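See structure below.
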Amino acid sequence: MTIQEAAQTALDVQNACNLSGVLASFHQVVIDALWPEARRLNKGTEWVNQHPICTLFLDKLSDLNRRGDFYSAYAQVERLAKAEVSASTNAAKPITFPQEAA
(Lines give C-alpha, C1' and ligand atoms only; values in the text may rest on other atoms or scores of the structure.)
Protein backbone atom coordinates (compact mmCIF):
# COMPACT_ATOMS: atom_id res chain seq x y z
CA MET A 1 0.00 0.00 0.00
CA THR A 2 1.37 3.42 -0.94
CA ILE A 3 1.16 6.46 1.30
CA GLN A 4 -1.28 7.95 -1.23
CA GLU A 5 -3.52 4.87 -0.97
CA ALA A 6 -3.31 5.07 2.82
CA ALA A 7 -4.34 8.72 2.71
CA GLN A 8 -7.32 7.87 0.50
CA THR A 9 -8.31 5.07 2.87
CA ALA A 10 -8.21 7.52 5.80
CA LEU A 11 -10.55 9.80 3.86
CA ASP A 12 -12.83 6.94 2.79
CA VAL A 13 -13.42 5.66 6.33
CA GLN A 14 -14.80 9.02 7.44
CA ASN A 15 -18.23 7.80 6.29
CA ALA A 16 -17.90 4.36 7.88
CA CYS A 17 -20.22 3.03 10.57
CA ASN A 18 -18.43 -0.19 11.56
CA LEU A 19 -15.77 0.28 14.24
CA SER A 20 -14.15 -3.11 13.65
CA GLY A 21 -13.85 -2.43 9.91
CA VAL A 22 -12.26 0.97 10.54
CA LEU A 23 -9.88 -0.61 13.03
CA ALA A 24 -8.87 -3.32 10.56
CA SER A 25 -8.21 -0.69 7.88
CA PHE A 26 -6.23 1.41 10.36
CA HIS A 27 -4.04 -1.57 11.22
CA GLN A 28 -3.38 -2.27 7.55
CA VAL A 29 -2.51 1.38 6.87
CA VAL A 30 -0.08 1.57 9.79
CA ILE A 31 1.66 -1.72 8.98
CA ASP A 32 1.66 -1.52 5.17
CA ALA A 33 2.12 2.22 4.54
CA LEU A 34 3.06 4.35 7.53
CA TRP A 35 5.85 2.18 8.94
CA PRO A 36 7.47 1.61 5.54
CA GLU A 37 7.30 5.37 4.91
CA ALA A 38 8.71 6.10 8.37
CA ARG A 39 11.64 3.76 7.73
CA ARG A 40 12.23 5.32 4.31
CA LEU A 41 12.38 8.77 5.94
CA ASN A 42 14.45 7.52 8.90
CA LYS A 43 11.61 8.41 11.29
CA GLY A 44 10.24 6.54 14.27
CA THR A 45 7.27 5.90 16.50
CA GLU A 46 6.49 9.54 17.20
CA TRP A 47 6.28 10.27 13.46
CA VAL A 48 3.85 7.37 12.94
CA ASN A 49 1.81 8.15 16.07
CA GLN A 50 1.35 11.79 15.10
CA HIS A 51 0.85 11.33 11.37
CA PRO A 52 -2.27 13.09 10.02
CA ILE A 53 -3.52 9.77 8.62
CA CYS A 54 -3.51 8.38 12.19
CA THR A 55 -5.31 11.47 13.40
CA LEU A 56 -8.16 10.89 10.93
CA PHE A 57 -8.49 7.23 11.87
CA LEU A 58 -8.39 7.93 15.60
CA ASP A 59 -10.97 10.68 15.29
CA LYS A 60 -13.29 8.34 13.39
CA LEU A 61 -12.86 5.57 15.96
CA SER A 62 -13.62 8.05 18.72
CA ASP A 63 -16.66 9.27 16.79
CA LEU A 64 -17.98 5.73 16.38
CA ASN A 65 -17.53 5.25 20.13
CA ARG A 66 -19.55 8.44 20.65
CA ARG A 67 -16.58 9.86 22.53
CA GLY A 68 -17.46 8.11 25.75
CA ASP A 69 -16.23 9.43 29.07
CA PHE A 70 -12.74 7.99 29.61
CA TYR A 71 -12.85 7.97 33.41
CA SER A 72 -16.23 6.26 33.54
CA ALA A 73 -15.10 3.71 30.95
CA TYR A 74 -11.86 3.09 32.85
CA ALA A 75 -13.77 2.43 36.08
CA GLN A 76 -16.17 0.07 34.28
CA VAL A 77 -13.31 -1.82 32.65
CA GLU A 78 -11.60 -2.16 36.02
CA ARG A 79 -14.82 -3.66 37.36
CA LEU A 80 -14.99 -6.01 34.39
CA ALA A 81 -11.40 -7.11 34.97
CA LYS A 82 -12.10 -7.78 38.64
CA ALA A 83 -15.35 -9.54 37.79
CA GLU A 84 -13.50 -11.98 35.51
CA VAL A 85 -11.14 -12.84 38.35
CA SER A 86 -14.01 -13.07 40.82
CA ALA A 87 -16.15 -15.12 38.43
CA SER A 88 -14.32 -18.28 39.45
CA THR A 89 -15.68 -17.75 42.99
CA ASN A 90 -19.18 -16.86 41.68
CA ALA A 91 -18.80 -13.38 43.17
CA ALA A 92 -18.99 -11.42 39.91
CA LYS A 93 -21.39 -8.49 39.95
CA PRO A 94 -23.33 -7.61 36.77
CA ILE A 95 -22.31 -4.35 35.11
CA THR A 96 -24.81 -2.13 33.32
CA PHE A 97 -23.36 0.03 30.57
CA PRO A 98 -24.88 3.45 29.76
CA GLN A 99 -26.48 2.29 26.47
CA GLU A 100 -28.09 -0.65 28.33
CA ALA A 101 -29.49 1.43 31.17
CA ALA A 102 -32.56 2.73 29.29
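Letters for chains follow the order of the C-alpha coordinates (A, B, ...), residue numbers begin at 1 for each chain, and ligand numbers begin at 1 in the order shown.
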task = Going by DSSP on the backbone, which bits of stretch 40-87 of chain A are alpha helix (DSSP H)? Write them as an NGL selection string, please.
result = :A and (40 or 45-49 or 52-64 or 70-87)
key: Option closest in space to A:Thr55, from A:Glu78, A:Gly21, A:Val30, A:Ala83 [counting only C-alpha atoms]   =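 Smallest separation from A:Thr55 among the options: A:Val30.
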key: Surrounding residues of stretch 63-72 of chain A excluding itself and chain neighbours under 4 positions, 8 Å, only C-alpha atoms, as a PyMOL selection string   = chain A and resi 17-19+59+76
query = Could you work out how far atom CA of A:Asn42 lies from atom CA of A:His27, giving the answer in Å with one decimal?
reply =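 Separating atom CA of A:His27 from atom CA of A:Asn42 is a distance of 20.7 Å.
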ask   = With only C-alpha atoms as the basis for distance, which of A:Leu41, A:Ala81, A:Ala75, A:Leu61 is at the shortest distance from A:Asn15?
value = A:Leu61
Considering only C-alpha atoms, return as a PDB file with N, CA and C atoms, in the first residue's frame whatever protein or nucleic-acid residues lie within 7 Å of stretch 31-33 of chain A, sequence-local ones (same chain, fewer than 3 positions apart) excluded.
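Dumped everything to out_16.pdb:
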ATOM      1  N   MET A   1       0.849  -1.177   0.000  1.00  0.00           N
ATOM      2  CA  MET A   1       0.000   0.000   0.000  1.00  0.00           C
ATOM      3  C   MET A   1       0.894   1.238   0.000  1.00  0.00           C
ATOM      4  N   THR A   2       0.604   2.173  -0.885  1.00  0.00           N
ATOM      5  CA  THR A   2       1.371   3.417  -0.937  1.00  0.00           C
ATOM      6  C   THR A   2       0.837   4.400   0.100  1.00  0.00           C
ATOM      7  N   ILE A   3       1.612   5.424   0.367  1.00  0.00           N
ATOM      8  CA  ILE A   3       1.162   6.457   1.301  1.00  0.00           C
ATOM      9  C   ILE A   3      -0.059   7.187   0.730  1.00  0.00           C
ATOM     10  N   ALA A   6      -2.993   4.980   1.394  1.00  0.00           N
ATOM     11  CA  ALA A   6      -3.307   5.071   2.824  1.00  0.00           C
ATOM     12  C   ALA A   6      -4.075   6.354   3.119  1.00  0.00           C
ATOM     13  N   HIS A  27      -5.177  -0.658  11.021  1.00  0.00           N
ATOM     14  CA  HIS A  27      -4.044  -1.573  11.222  1.00  0.00           C
ATOM     15  C   HIS A  27      -3.287  -1.782   9.915  1.00  0.00           C
ATOM     16  N   GLN A  28      -4.014  -2.037   8.852  1.00  0.00           N
ATOM     17  CA  GLN A  28      -3.377  -2.267   7.553  1.00  0.00           C
ATOM     18  C   GLN A  28      -2.598  -1.033   7.104  1.00  0.00           C
ATOM     19  N   PRO A  36       6.501   1.575   6.632  1.00  0.00           N
ATOM     20  CA  PRO A  36       7.475   1.609   5.539  1.00  0.00           C
ATOM     21  C   PRO A  36       7.912   3.039   5.180  1.00  0.00           C
ATOM     22  N   GLU A  37       6.961   3.972   5.200  1.00  0.00           N
ATOM     23  CA  GLU A  37       7.295   5.369   4.910  1.00  0.00           C
ATOM     24  C   GLU A  37       8.178   5.952   6.016  1.00  0.00           C
TER      25      GLU A  37
END
